[in-house]
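start.pdb (PDB, C-alpha atoms (C1' of nucleotides)) appears below.
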ATOM      1  CA  MET A   1     -13.070  11.438  -5.593
ATOM      2  CA  LYS A   2     -10.896  14.299  -4.454
ATOM      3  CA  PRO A   3      -7.224  13.574  -4.055
ATOM      4  CA  THR A   4      -7.558  14.558  -0.441
ATOM      5  CA  ASP A   5     -10.591  12.387   0.271
ATOM      6  CA  PRO A   6      -9.924  11.100   3.795
ATOM      7  CA  GLY A   7     -11.285   7.602   3.119
ATOM      8  CA  ALA A   8      -9.143   7.086   0.059
ATOM      9  CA  CYS A   9      -6.157   8.567   1.811
ATOM     10  CA  ALA A  10      -6.468   6.203   4.761
ATOM     11  CA  ALA A  11      -7.002   3.171   2.530
ATOM     12  CA  TRP A  12      -4.029   4.083   0.403
ATOM     13  CA  HIS A  13      -1.880   4.703   3.448
ATOM     14  CA  LEU A  14      -2.700   1.265   4.827
ATOM     15  CA  LEU A  15      -2.054  -0.467   1.533
ATOM     16  CA  MET A  16       1.382   1.155   1.381
ATOM     17  CA  GLN A  17       2.043   0.120   4.936
ATOM     18  CA  PHE A  18       1.038  -3.428   4.091
ATOM     19  CA  PHE A  19       3.322  -3.400   1.077
ATOM     20  CA  PHE A  20       6.362  -2.102   2.916
ATOM     21  CA  THR A  21       5.772  -4.431   5.849
ATOM     22  CA  GLN A  22       5.752  -7.396   3.494
ATOM     23  CA  ARG A  23       8.766  -6.009   1.688
ATOM     24  CA  ALA A  24      10.679  -5.918   4.971
ATOM     25  CA  SER A  25       9.674  -9.414   5.998
ATOM     26  CA  LEU A  26      10.403 -11.075   2.663
ATOM     27  CA  PRO A  27      14.211 -11.323   2.925
ATOM     28  CA  SER A  28      14.237 -13.366   6.129
ATOM     29  CA  LEU A  29      11.361 -15.515   4.942
ATOM     30  CA  ALA A  30      13.186 -16.108   1.675
ATOM     31  CA  ALA A  31      16.440 -16.890   3.475
ATOM     32  CA  LYS A  32      14.764 -19.737   5.334
ATOM     33  CA  LEU A  33      14.163 -21.363   1.958
ATOM     34  CA  ASP A  34      17.626 -20.420   0.685
ATOM     35  CA  LEU A  35      16.114 -17.938  -1.721
ATOM     36  CA  SER A  36      16.439 -14.219  -2.365
ATOM     37  CA  PRO A  37      13.435 -11.901  -2.566
ATOM     38  CA  ALA A  38      13.843 -11.636  -6.330
ATOM     39  CA  GLN A  39      13.902 -15.411  -6.656
ATOM     40  CA  CYS A  40      10.690 -15.606  -4.635
ATOM     41  CA  HIS A  41       9.123 -13.156  -7.019
ATOM     42  CA  VAL A  42      10.121 -15.298  -9.996
ATOM     43  CA  LEU A  43       8.916 -18.480  -8.341
ATOM     44  CA  HIS A  44       5.608 -16.817  -7.612
ATOM     45  CA  LEU A  45       5.205 -15.857 -11.261
ATOM     46  CA  ILE A  46       5.990 -19.234 -12.825
ATOM     47  CA  GLU A  47       2.868 -21.285 -12.214
ATOM     48  CA  PRO A  48       3.242 -25.053 -12.362
ATOM     49  CA  GLY A  49       2.250 -26.419 -15.745
ATOM     50  CA  ARG A  50       2.282 -22.966 -17.340
ATOM     51  CA  PRO A  51       5.539 -22.471 -19.255
ATOM     52  CA  LEU A  52       6.531 -18.803 -19.310
ATOM     53  CA  PRO A  53       8.735 -17.182 -21.987
ATOM     54  CA  MET A  54      11.675 -15.315 -20.514
ATOM     55  CA  GLY A  55      10.680 -12.108 -22.229
ATOM     56  CA  ARG A  56       7.269 -12.247 -20.607
ATOM     57  CA  LEU A  57       8.898 -12.725 -17.249
ATOM     58  CA  ALA A  58      11.084  -9.659 -17.792
ATOM     59  CA  GLU A  59       7.991  -7.713 -18.767
ATOM     60  CA  THR A  60       6.060  -8.760 -15.663
ATOM     61  CA  LEU A  61       9.011  -8.073 -13.400
ATOM     62  CA  ALA A  62       9.379  -4.733 -15.172
ATOM     63  CA  CYS A  63      13.102  -5.250 -15.420
ATOM     64  CA  ASP A  64      15.755  -5.605 -18.095
ATOM     65  CA  ALA A  65      15.949  -8.899 -19.995
ATOM     66  CA  SER A  66      19.582  -9.343 -19.054
ATOM     67  CA  ASN A  67      18.593  -9.330 -15.419
ATOM     68  CA  VAL A  68      16.270 -12.256 -16.042
ATOM     69  CA  THR A  69      19.145 -14.181 -17.604
ATOM     70  CA  GLY A  70      21.141 -14.077 -14.377
ATOM     71  CA  LEU A  71      18.120 -14.722 -12.200
ATOM     72  CA  VAL A  72      17.196 -17.803 -14.203
ATOM     73  CA  ASP A  73      20.834 -18.927 -14.370
ATOM     74  CA  ARG A  74      20.905 -19.177 -10.596
ATOM     75  CA  LEU A  75      17.494 -20.811 -10.294
ATOM     76  CA  GLU A  76      18.385 -23.304 -13.001
ATOM     77  CA  SER A  77      21.725 -24.161 -11.407
ATOM     78  CA  ARG A  78      19.788 -24.981  -8.264
ATOM     79  CA  GLY A  79      17.481 -27.263 -10.202
ATOM     80  CA  LEU A  80      14.312 -25.270  -9.563
ATOM     81  CA  VAL A  81      13.627 -24.166 -13.123
ATOM     82  CA  ARG A  82      14.311 -25.423 -16.648
ATOM     83  CA  ARG A  83      14.869 -23.485 -19.874
ATOM     84  CA  ARG A  84      13.231 -25.088 -22.883
ATOM     85  CA  PRO A  85      13.357 -23.877 -26.495
ATOM     86  CA  SER A  86      10.013 -22.779 -27.847
ATOM     87  CA  ALA A  87       8.734 -24.848 -30.740
ATOM     88  CA  ALA A  88       6.991 -21.876 -32.315
ATOM     89  CA  ASP A  89       9.924 -19.431 -32.267
ATOM     90  CA  ARG A  90      13.471 -20.635 -31.947
ATOM     91  CA  ARG A  91      14.610 -17.359 -30.397
ATOM     92  CA  VAL A  92      12.309 -17.830 -27.429
ATOM     93  CA  LYS A  93      13.092 -19.889 -24.349
ATOM     94  CA  VAL A  94      10.261 -20.833 -22.068
ATOM     95  CA  LEU A  95      10.629 -21.515 -18.379
ATOM     96  CA  GLU A  96       9.003 -24.251 -16.379
ATOM     97  CA  LEU A  97       9.355 -25.389 -12.810
ATOM     98  CA  THR A  98      11.046 -28.683 -12.048
ATOM     99  CA  PRO A  99       9.303 -30.968  -9.545
ATOM    100  CA  THR A 100      11.624 -29.548  -6.884
ATOM    101  CA  GLY A 101      10.681 -26.065  -8.023
ATOM    102  CA  VAL A 102       6.996 -26.879  -7.741
ATOM    103  CA  ARG A 103       7.446 -28.131  -4.207
ATOM    104  CA  LEU A 104       9.502 -25.117  -3.147
ATOM    105  CA  ARG A 105       6.996 -22.736  -4.688
ATOM    106  CA  ALA A 106       4.174 -24.357  -2.737
ATOM    107  CA  LEU A 107       6.216 -24.072   0.438
ATOM    108  CA  LEU A 108       6.940 -20.436  -0.282
ATOM    109  CA  LEU A 109       3.340 -19.480  -0.942
ATOM    110  CA  ASP A 110       2.364 -21.365   2.167
ATOM    111  CA  ARG A 111       4.753 -19.392   4.332
ATOM    112  CA  MET A 112       3.938 -16.043   2.842
ATOM    113  CA  THR A 113       0.612 -15.822   4.617
ATOM    114  CA  THR A 114       1.547 -12.503   6.239
ATOM    115  CA  PRO A 115       3.032 -12.649   9.713
ATOM    116  CA  PRO A 116       1.771 -15.778  11.432
ATOM    117  CA  ASP A 117      -1.997 -15.925  11.493
ATOM    118  CA  THR A 118      -3.025 -12.320  11.138
ATOM    119  CA  LEU A 119      -5.637 -13.496   8.681
ATOM    120  CA  ASP A 120      -7.260 -15.381  11.532
ATOM    121  CA  ARG A 121      -8.214 -12.084  13.062
ATOM    122  CA  LEU A 122     -10.784 -11.573  10.358
ATOM    123  CA  SER A 123     -14.204 -13.129  10.370
ATOM    124  CA  ALA A 124     -15.307 -15.202   7.390
ATOM    125  CA  ARG A 125     -17.535 -12.326   6.354
ATOM    126  CA  GLU A 126     -14.679  -9.835   6.509
ATOM    127  CA  ARG A 127     -12.440 -12.079   4.460
ATOM    128  CA  GLN A 128     -15.184 -12.362   1.880
ATOM    129  CA  THR A 129     -15.476  -8.593   1.742
ATOM    130  CA  LEU A 130     -11.711  -8.214   1.511
ATOM    131  CA  VAL A 131     -11.603 -10.609  -1.433
ATOM    132  CA  ARG A 132     -14.340  -8.690  -3.218
ATOM    133  CA  ILE A 133     -12.643  -5.344  -2.682
ATOM    134  CA  LEU A 134      -9.167  -6.504  -3.615
ATOM    135  CA  THR A 135     -10.479  -8.205  -6.730
ATOM    136  CA  ARG A 136     -11.943  -4.914  -7.850
ATOM    137  CA  LEU A 137      -8.822  -3.047  -6.875
ATOM    138  CA  LEU A 138      -6.458  -5.298  -8.792
ATOM    139  CA  GLY A 139      -8.881  -5.804 -11.712
TER     140      GLY A 139
ATOM    141  CA  MET B 140      -9.933 -21.431  10.615
ATOM    142  CA  LYS B 141      -8.698 -24.386   8.622
ATOM    143  CA  PRO B 142      -5.562 -23.830   6.575
ATOM    144  CA  THR B 143      -7.572 -24.758   3.507
ATOM    145  CA  ASP B 144     -10.465 -22.409   4.220
ATOM    146  CA  PRO B 145     -11.388 -21.108   0.754
ATOM    147  CA  GLY B 146     -12.124 -17.560   1.933
ATOM    148  CA  ALA B 147      -8.812 -17.199   3.690
ATOM    149  CA  CYS B 148      -7.008 -18.787   0.794
ATOM    150  CA  ALA B 149      -8.506 -16.399  -1.725
ATOM    151  CA  ALA B 150      -7.850 -13.357   0.453
ATOM    152  CA  TRP B 151      -4.272 -14.399   1.022
ATOM    153  CA  HIS B 152      -3.731 -15.097  -2.657
ATOM    154  CA  LEU B 153      -4.949 -11.621  -3.556
ATOM    155  CA  LEU B 154      -2.813  -9.946  -0.937
ATOM    156  CA  MET B 155       0.252 -11.722  -2.320
ATOM    157  CA  GLN B 156      -0.702 -10.678  -5.809
ATOM    158  CA  PHE B 157      -1.068  -7.100  -4.647
ATOM    159  CA  PHE B 158       2.300  -7.239  -2.954
ATOM    160  CA  PHE B 159       4.166  -8.645  -5.950
ATOM    161  CA  THR B 160       2.442  -6.273  -8.338
ATOM    162  CA  GLN B 161       3.569  -3.340  -6.249
ATOM    163  CA  ARG B 162       7.019  -4.860  -5.956
ATOM    164  CA  ALA B 163       7.303  -4.994  -9.734
ATOM    165  CA  SER B 164       6.080  -1.453 -10.262
ATOM    166  CA  LEU B 165       8.239   0.147  -7.600
ATOM    167  CA  PRO B 166      11.559   0.293  -9.509
ATOM    168  CA  SER B 167      10.245   2.344 -12.403
ATOM    169  CA  LEU B 168       8.259   4.589 -10.091
ATOM    170  CA  ALA B 169      11.346   5.086  -7.965
ATOM    171  CA  ALA B 170      13.513   5.769 -11.011
ATOM    172  CA  LYS B 171      11.302   8.698 -11.958
ATOM    173  CA  LEU B 172      12.319  10.325  -8.676
ATOM    174  CA  ASP B 173      15.951   9.233  -9.065
ATOM    175  CA  LEU B 174      15.537   6.773  -6.212
ATOM    176  CA  SER B 175      15.948   3.035  -5.759
ATOM    177  CA  PRO B 176      13.266   0.828  -4.227
ATOM    178  CA  ALA B 177      15.287   0.513  -1.029
ATOM    179  CA  GLN B 178      15.643   4.287  -0.797
ATOM    180  CA  CYS B 179      11.873   4.623  -1.203
ATOM    181  CA  HIS B 180      11.434   2.206   1.653
ATOM    182  CA  VAL B 181      13.708   4.268   3.872
ATOM    183  CA  LEU B 182      12.041   7.524   2.899
ATOM    184  CA  HIS B 183       8.684   5.987   3.709
ATOM    185  CA  LEU B 184       9.890   5.010   7.172
ATOM    186  CA  ILE B 185      11.405   8.344   8.197
ATOM    187  CA  GLU B 186       8.427  10.515   9.005
ATOM    188  CA  PRO B 187       8.979  14.273   8.955
ATOM    189  CA  GLY B 188       9.638  15.634  12.427
ATOM    190  CA  ARG B 189      10.207  12.152  13.862
ATOM    191  CA  PRO B 190      13.948  11.518  14.157
ATOM    192  CA  LEU B 191      14.698   7.810  13.795
ATOM    193  CA  PRO B 192      17.781   6.078  15.250
ATOM    194  CA  MET B 193      19.701   4.114  12.640
ATOM    195  CA  GLY B 194      19.412   0.946  14.656
ATOM    196  CA  ARG B 195      15.662   1.220  14.695
ATOM    197  CA  LEU B 196      15.673   1.667  10.939
ATOM    198  CA  ALA B 197      17.743  -1.495  10.508
ATOM    199  CA  GLU B 198      15.315  -3.318  12.754
ATOM    200  CA  THR B 199      12.278  -2.167  10.816
ATOM    201  CA  LEU B 200      13.909  -2.949   7.482
ATOM    202  CA  ALA B 201      14.877  -6.317   8.950
ATOM    203  CA  CYS B 202      18.350  -5.959   7.511
ATOM    204  CA  ASP B 203      21.906  -5.744   8.765
ATOM    205  CA  ALA B 204      23.044  -2.484  10.365
ATOM    206  CA  SER B 205      25.917  -2.209   7.908
ATOM    207  CA  ASN B 206      23.427  -2.118   5.085
ATOM    208  CA  VAL B 207      21.757   0.899   6.635
ATOM    209  CA  THR B 208      25.104   2.686   6.764
ATOM    210  CA  GLY B 209      25.459   2.533   2.996
ATOM    211  CA  LEU B 210      21.827   3.331   2.356
ATOM    212  CA  VAL B 211      22.008   6.434   4.548
ATOM    213  CA  ASP B 212      25.390   7.402   3.075
ATOM    214  CA  ARG B 213      23.814   7.713  -0.351
ATOM    215  CA  LEU B 214      20.694   9.482   0.882
ATOM    216  CA  GLU B 215      22.797  11.892   2.897
ATOM    217  CA  SER B 216      25.118  12.637  -0.007
ATOM    218  CA  ARG B 217      22.022  13.567  -1.979
ATOM    219  CA  GLY B 218      20.905  15.913   0.759
ATOM    220  CA  LEU B 219      17.694  14.072   1.576
ATOM    221  CA  VAL B 220      18.593  12.957   5.082
ATOM    222  CA  ARG B 221      20.791  14.144   7.943
ATOM    223  CA  ARG B 222      22.641  12.147  10.619
ATOM    224  CA  ARG B 223      22.548  13.780  14.036
ATOM    225  CA  PRO B 224      24.181  12.530  17.218
ATOM    226  CA  SER B 225      21.730  11.575  19.919
ATOM    227  CA  ALA B 226      21.961  13.654  23.068
ATOM    228  CA  ALA B 227      20.942  10.747  25.268
ATOM    229  CA  ASP B 228      23.412   8.163  23.952
ATOM    230  CA  ARG B 229      26.531   9.179  22.110
ATOM    231  CA  ARG B 230      26.713   5.868  20.257
ATOM    232  CA  VAL B 231      23.398   6.515  18.579
ATOM    233  CA  LYS B 232      22.862   8.583  15.444
ATOM    234  CA  VAL B 233      19.349   9.672  14.632
ATOM    235  CA  LEU B 234      18.096  10.365  11.129
ATOM    236  CA  GLU B 235      15.890  13.190  10.027
ATOM    237  CA  LEU B 236      14.687  14.357   6.669
ATOM    238  CA  THR B 237      15.995  17.583   5.216
ATOM    239  CA  PRO B 238      13.433  19.962   3.722
ATOM    240  CA  THR B 239      14.282  18.469   0.316
ATOM    241  CA  GLY B 240      13.776  15.021   1.787
ATOM    242  CA  VAL B 241      10.385  15.976   3.143
ATOM    243  CA  ARG B 242       9.306  17.272  -0.239
ATOM    244  CA  LEU B 243      10.550  14.191  -2.075
ATOM    245  CA  ARG B 244       8.884  11.893   0.445
ATOM    246  CA  ALA B 245       5.568  13.637  -0.084
ATOM    247  CA  LEU B 246       5.976  13.317  -3.823
ATOM    248  CA  LEU B 247       6.791   9.641  -3.486
ATOM    249  CA  LEU B 248       3.807   8.841  -1.294
ATOM    250  CA  ASP B 249       1.653  10.788  -3.681
ATOM    251  CA  ARG B 250       2.769   8.739  -6.658
ATOM    252  CA  MET B 251       2.538   5.410  -4.929
ATOM    253  CA  THR B 252      -1.235   5.342  -5.068
ATOM    254  CA  THR B 253      -1.316   2.010  -6.896
ATOM    255  CA  PRO B 254      -1.554   2.115 -10.681
ATOM    256  CA  PRO B 255      -3.306   5.317 -11.665
ATOM    257  CA  ASP B 256      -6.677   5.617 -10.005
ATOM    258  CA  THR B 257      -7.590   2.063  -9.159
ATOM    259  CA  LEU B 258      -8.722   3.342  -5.809
ATOM    260  CA  ASP B 259     -11.362   5.305  -7.637
ATOM    261  CA  ARG B 260     -13.085   2.073  -8.508
ATOM    262  CA  LEU B 261     -14.148   1.663  -4.920
ATOM    263  CA  SER B 262     -17.137   3.354  -3.384
ATOM    264  CA  ALA B 263     -16.667   5.424  -0.272
ATOM    265  CA  ARG B 264     -18.311   2.658   1.710
ATOM    266  CA  GLU B 265     -15.963   0.044   0.305
ATOM    267  CA  ARG B 266     -12.949   2.158   1.101
ATOM    268  CA  GLN B 267     -14.205   2.533   4.634
ATOM    269  CA  THR B 268     -14.563  -1.238   4.933
ATOM    270  CA  LEU B 269     -11.127  -1.770   3.443
ATOM    271  CA  VAL B 270      -9.603   0.594   5.972
ATOM    272  CA  ARG B 271     -11.308  -1.225   8.830
ATOM    273  CA  ILE B 272     -10.178  -4.651   7.623
ATOM    274  CA  LEU B 273      -6.608  -3.632   6.869
ATOM    275  CA  THR B 274      -6.306  -1.920  10.197
ATOM    276  CA  ARG B 275      -7.246  -5.146  11.898
ATOM    277  CA  LEU B 276      -4.968  -7.136   9.639
ATOM    278  CA  LEU B 277      -1.918  -4.989  10.261
ATOM    279  CA  GLY B 278      -2.728  -4.260  13.930
TER     280      GLY B 278
ATOM    281  C1'  DC C 279      16.693 -11.833 -50.420
ATOM    282  C1'  DC C 280      18.114  -7.720 -47.569
ATOM    283  C1'  DT C 281      17.118  -5.418 -43.848
ATOM    284  C1'  DA C 282      14.999  -4.089 -39.532
ATOM    285  C1'  DA C 283      13.128  -5.757 -35.393
ATOM    286  C1'  DT C 284      12.967  -9.235 -31.659
ATOM    287  C1'  DG C 285      14.686 -12.617 -27.835
ATOM    288  C1'  DG C 286      18.291 -13.732 -25.242
ATOM    289  C1'  DT C 287      23.244 -13.604 -23.646
ATOM    290  C1'  DT C 288      27.594 -11.277 -22.300
ATOM    291  C1'  DG C 289      30.494  -7.809 -19.960
ATOM    292  C1'  DA C 290      30.999  -3.577 -17.346
ATOM    293  C1'  DT C 291      29.299  -1.059 -13.592
ATOM    294  C1'  DG C 292      26.668   0.571  -9.495
ATOM    295  C1'  DA C 293      23.322  -0.554  -5.719
ATOM    296  C1'  DT C 294      21.763  -3.830  -2.351
ATOM    297  C1'  DG C 295      22.496  -7.083   1.060
ATOM    298  C1'  DT C 296      25.233 -10.341   4.258
ATOM    299  C1'  DC C 297      28.996 -11.438   7.387
ATOM    300  C1'  DA C 298      33.145 -10.702  10.254
ATOM    301  C1'  DA C 299      36.153  -7.528  12.421
ATOM    302  C1'  DC C 300      36.772  -3.104  14.441
ATOM    303  C1'  DT C 301      35.966   1.478  17.369
ATOM    304  C1'  DA C 302      33.536   3.999  20.598
ATOM    305  C1'  DT C 303      30.319   4.252  24.095
ATOM    306  C1'  DT C 304      27.311   2.448  27.598
ATOM    307  C1'  DG C 305      26.008  -0.282  31.574
ATOM    308  C1'  DA C 306      26.331  -3.904  35.133
ATOM    309  C1'  DG C 307      28.901  -6.191  38.743
ATOM    310  C1'  DT C 308      32.023  -6.205  42.018
TER     311       DT C 308
ATOM    312  C1'  DA D 309      35.959   3.454  40.633
ATOM    313  C1'  DC D 310      37.342  -0.430  37.393
ATOM    314  C1'  DT D 311      36.640  -4.202  34.513
ATOM    315  C1'  DC D 312      34.208  -6.452  31.160
ATOM    316  C1'  DA D 313      30.334  -7.672  28.357
ATOM    317  C1'  DA D 314      26.885  -5.719  25.400
ATOM    318  C1'  DT D 315      25.383  -2.199  22.041
ATOM    319  C1'  DA D 316      25.540   1.350  17.893
ATOM    320  C1'  DG D 317      27.619   2.244  14.022
ATOM    321  C1'  DT D 318      31.393   1.823  10.463
ATOM    322  C1'  DT D 319      34.558  -0.636   7.378
ATOM    323  C1'  DG D 320      36.040  -4.208   4.051
ATOM    324  C1'  DA D 321      35.246  -8.491   1.474
ATOM    325  C1'  DC D 322      32.079 -10.752  -1.100
ATOM    326  C1'  DA D 323      27.458 -12.528  -3.575
ATOM    327  C1'  DT D 324      23.219 -10.911  -5.649
ATOM    328  C1'  DC D 325      20.304  -7.651  -8.067
ATOM    329  C1'  DA D 326      19.650  -4.422 -11.632
ATOM    330  C1'  DT D 327      20.910  -1.363 -15.592
ATOM    331  C1'  DC D 328      23.083  -0.347 -19.985
ATOM    332  C1'  DA D 329      25.519  -1.193 -24.350
ATOM    333  C1'  DA D 330      27.103  -4.479 -27.526
ATOM    334  C1'  DC D 331      26.397  -8.742 -29.614
ATOM    335  C1'  DC D 332      24.352 -13.264 -31.976
ATOM    336  C1'  DA D 333      20.613 -15.878 -33.702
ATOM    337  C1'  DT D 334      16.252 -15.878 -35.468
ATOM    338  C1'  DT D 335      12.167 -13.928 -37.437
ATOM    339  C1'  DA D 336       9.332 -10.972 -40.363
ATOM    340  C1'  DG D 337       8.414  -7.324 -43.943
ATOM    341  C1'  DG D 338       9.479  -5.036 -48.157
TER     342       DG D 338
END
As structure tokens:
Amino acid sequence: MKPTDPGACAAWHLLMQFFFTQRASLPSLAAKLDLSPAQCHVLHLIEPGRPLPMGRLAETLACDASNVTGLVDRLESRGLVRRRPSAADRRVKVLELTPTGVRLRALLLDRMTTPPDTLDRLSARERQTLVRILTRLLG
Amino acid sequence: MKPTDPGACAAWHLLMQFFFTQRASLPSLAAKLDLSPAQCHVLHLIEPGRPLPMGRLAETLACDASNVTGLVDRLESRGLVRRRPSAADRRVKVLELTPTGVRLRALLLDRMTTPPDTLDRLSARERQTLVRILTRLLG
DNA sequence: CCTAATGGTTGATGATGTCAACTATTGAGT
DNA sequence: ACTCAATAGTTGACATCATCAACCATTAGG
């Protein structure tokens, strides 16, 4: 594939547009749940029933560990997340969602379905194709 | 389409994953160009040769106008963007990229092609399909 | 053991984002 | 033409996000 391949270029252009559109719409969506974009990101990454070490969170967010400290401080003070010491390694603290956190996360994911209903524009077959392609793309 | 339709659910889940993955990778990518994620967003939105009023930028970023002031201040002080008074309405200031800004924007868009080469995993036909579907989705 | 590496916190600092108050300009009614 | 409300952008105060350097506790290797 040439770097200037028109198909790839168009696909890439649209993916960037999708990304930046979502990026612009996240703050107001987050505000409705009294969250910040960064907090949404964290909530998205902590799956219910899957405790996540703080270091792993920092790694996935690709940010400094000290940033995670503050982020979790605020989420914890709002009762959405709990820090628990790891049994295996006493340096490590793992994060898990509180019941409130689980509920809010579900609400968040529910509302993040792009702008209202754009997915409805696709046929079942197109959605299937989109899933297949994105799966490969994100591998 | 039911809210629980499995196809829609899977597609939506993947799109969110794509979004958050990009969101996590943007800061380090931006840092390599001495930019912040927000500055990348602005640079993406100001197309070369298409002056953009500040108010319109605030609208598209879905943020407060005062935020745009600071954002543009920093970009302008780095010589990437220029403020010009609008001839039609003296309240309005339109933004345009400087030659340096145009170059940096091109570099940015070039480097934002997801993690290295994942687009290569798709066949030309798949890319074509992806373009068609995304176009409909973002319409 | 001693020492180096790791996980997380703290403090300082800059960027991002909001809100309220302000200035300048525009536009609509009368 | 004149007044007055609405609009575009800036400023200042403040919370959040993000980085870095320094630090403490714990772990792991020699």
Hey, could you make a per-residue contact list for chain A against chain C with 9 Å as the cut-off, showing the nearest pair of atoms and its distance in Å to one decimal, counting only C-alpha atoms (C1' of nucleotides), sorted by chain and number, as a tab-separated table?
residue	atom	partner	partner_atom	distance
A:Met54	CA	C:DG286	C1'	8.3
A:Gly55	CA	C:DG285	C1'	6.9
A:Ala65	CA	C:DG286	C1'	7.5
A:Ser66	CA	C:DT287	C1'	7.3
A:Thr69	CA	C:DT287	C1'	7.3
A:Arg91	CA	C:DG285	C1'	5.4
A:Val92	CA	C:DG285	C1'	5.7
A:Lys93	CA	C:DG286	C1'	8.1
Got a sec: who's within 12 Å of range 221-223 of chain B, counting all atoms listed in the file, leaving out chain neighbours fewer than 2 positions off, as a PDB file with C-alpha atoms (C1' of nucleotides), keeping the file's coordinate frame?
ATOM      1  CA  ILE B 185      11.405   8.344   8.197  1.00  0.00           C
ATOM      2  CA  PRO B 187       8.979  14.273   8.955  1.00  0.00           C
ATOM      3  CA  PRO B 190      13.948  11.518  14.157  1.00  0.00           C
ATOM      4  CA  LEU B 191      14.698   7.810  13.795  1.00  0.00           C
ATOM      5  CA  PRO B 192      17.781   6.078  15.250  1.00  0.00           C
ATOM      6  CA  MET B 193      19.701   4.114  12.640  1.00  0.00           C
ATOM      7  CA  VAL B 207      21.757   0.899   6.635  1.00  0.00           C
ATOM      8  CA  THR B 208      25.104   2.686   6.764  1.00  0.00           C
ATOM      9  CA  VAL B 211      22.008   6.434   4.548  1.00  0.00           C
ATOM     10  CA  ASP B 212      25.390   7.402   3.075  1.00  0.00           C
ATOM     11  CA  ARG B 213      23.814   7.713  -0.351  1.00  0.00           C
ATOM     12  CA  LEU B 214      20.694   9.482   0.882  1.00  0.00           C
ATOM     13  CA  GLU B 215      22.797  11.892   2.897  1.00  0.00           C
ATOM     14  CA  SER B 216      25.118  12.637  -0.007  1.00  0.00           C
ATOM     15  CA  ARG B 217      22.022  13.567  -1.979  1.00  0.00           C
ATOM     16  CA  GLY B 218      20.905  15.913   0.759  1.00  0.00           C
ATOM     17  CA  LEU B 219      17.694  14.072   1.576  1.00  0.00           C
ATOM     18  CA  SER B 225      21.730  11.575  19.919  1.00  0.00           C
ATOM     19  CA  ALA B 226      21.961  13.654  23.068  1.00  0.00           C
ATOM     20  CA  ALA B 227      20.942  10.747  25.268  1.00  0.00           C
ATOM     21  CA  ASP B 228      23.412   8.163  23.952  1.00  0.00           C
ATOM     22  CA  ARG B 229      26.531   9.179  22.110  1.00  0.00           C
ATOM     23  CA  ARG B 230      26.713   5.868  20.257  1.00  0.00           C
ATOM     24  CA  VAL B 231      23.398   6.515  18.579  1.00  0.00           C
ATOM     25  CA  LYS B 232      22.862   8.583  15.444  1.00  0.00           C
ATOM     26  CA  VAL B 233      19.349   9.672  14.632  1.00  0.00           C
ATOM     27  CA  LEU B 234      18.096  10.365  11.129  1.00  0.00           C
ATOM     28  CA  GLU B 235      15.890  13.190  10.027  1.00  0.00           C
ATOM     29  CA  LEU B 236      14.687  14.357   6.669  1.00  0.00           C
ATOM     30  CA  THR B 237      15.995  17.583   5.216  1.00  0.00           C
ATOM     31  CA  PRO B 238      13.433  19.962   3.722  1.00  0.00           C
ATOM     32  CA  THR B 239      14.282  18.469   0.316  1.00  0.00           C
ATOM     33  CA  GLY B 240      13.776  15.021   1.787  1.00  0.00           C
ATOM     34  CA  VAL B 241      10.385  15.976   3.143  1.00  0.00           C
TER      35      VAL B 241
ATOM     36  C1'  DG D 317      27.619   2.244  14.022  1.00  0.00           C
TER      37       DG D 317
END
> Could you spell out the hits of the PyMOL selection byres ((chain A) within 6 of (chain B)) on the shown file, as a ChimeraX atom specification?
Replying inline: /A:11,19,24,61-62,118,131,137
>> Take the PyMOL selection byres ((chain D) within 9 of (chain B)), run it mentally on this structure, and tell me the resulting residues as a PyMOL selection string.
In response: chain D and resi 315-319
Keeping only C-alpha atoms (C1' of nucleotides), write the selected residues as a compact mmCIF listing (two decimals), keeping the file's coordinate frame.
# COMPACT_ATOMS: atom_id res chain seq x y z
C1' DT D 315 25.38 -2.20 22.04
C1' DA D 316 25.54 1.35 17.89
C1' DG D 317 27.62 2.24 14.02
C1' DT D 318 31.39 1.82 10.46
C1' DT D 319 34.56 -0.64 7.38
> In file coordinates, which residues lie within 6 Å of (18.3, -2.9, -19.2) using all atoms listed in the file, given as a count of residues only?
Replying inline: 3
> Interatomic distance between CA of Gln178 in chain B and CA of Leu107 in chain A?
Replying inline: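 Answer for the CA of Gln178 in chain B to CA of Leu107 in chain A separation: 29.9 Å.
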Calculate, to one decimal in Å, the centre and edge lengths of the box along x, y and z of the file that holds all listed atoms of range 242-261 of chain B with 4 Å of margin on each side, and present them as JSON.
{"center_x": -1.8, "center_y": 9.5, "center_z": -5.6, "size_x": 32.7, "size_y": 23.6, "size_z": 20.1}
>> Would you compute the distance between CA of Val81 in chain A and CA of Leu35 in chain A? Give it in Å to one decimal.
In response: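 Calculated distance between CA of Val81 in chain A and CA of Leu35 in chain A is 13.2 Å.
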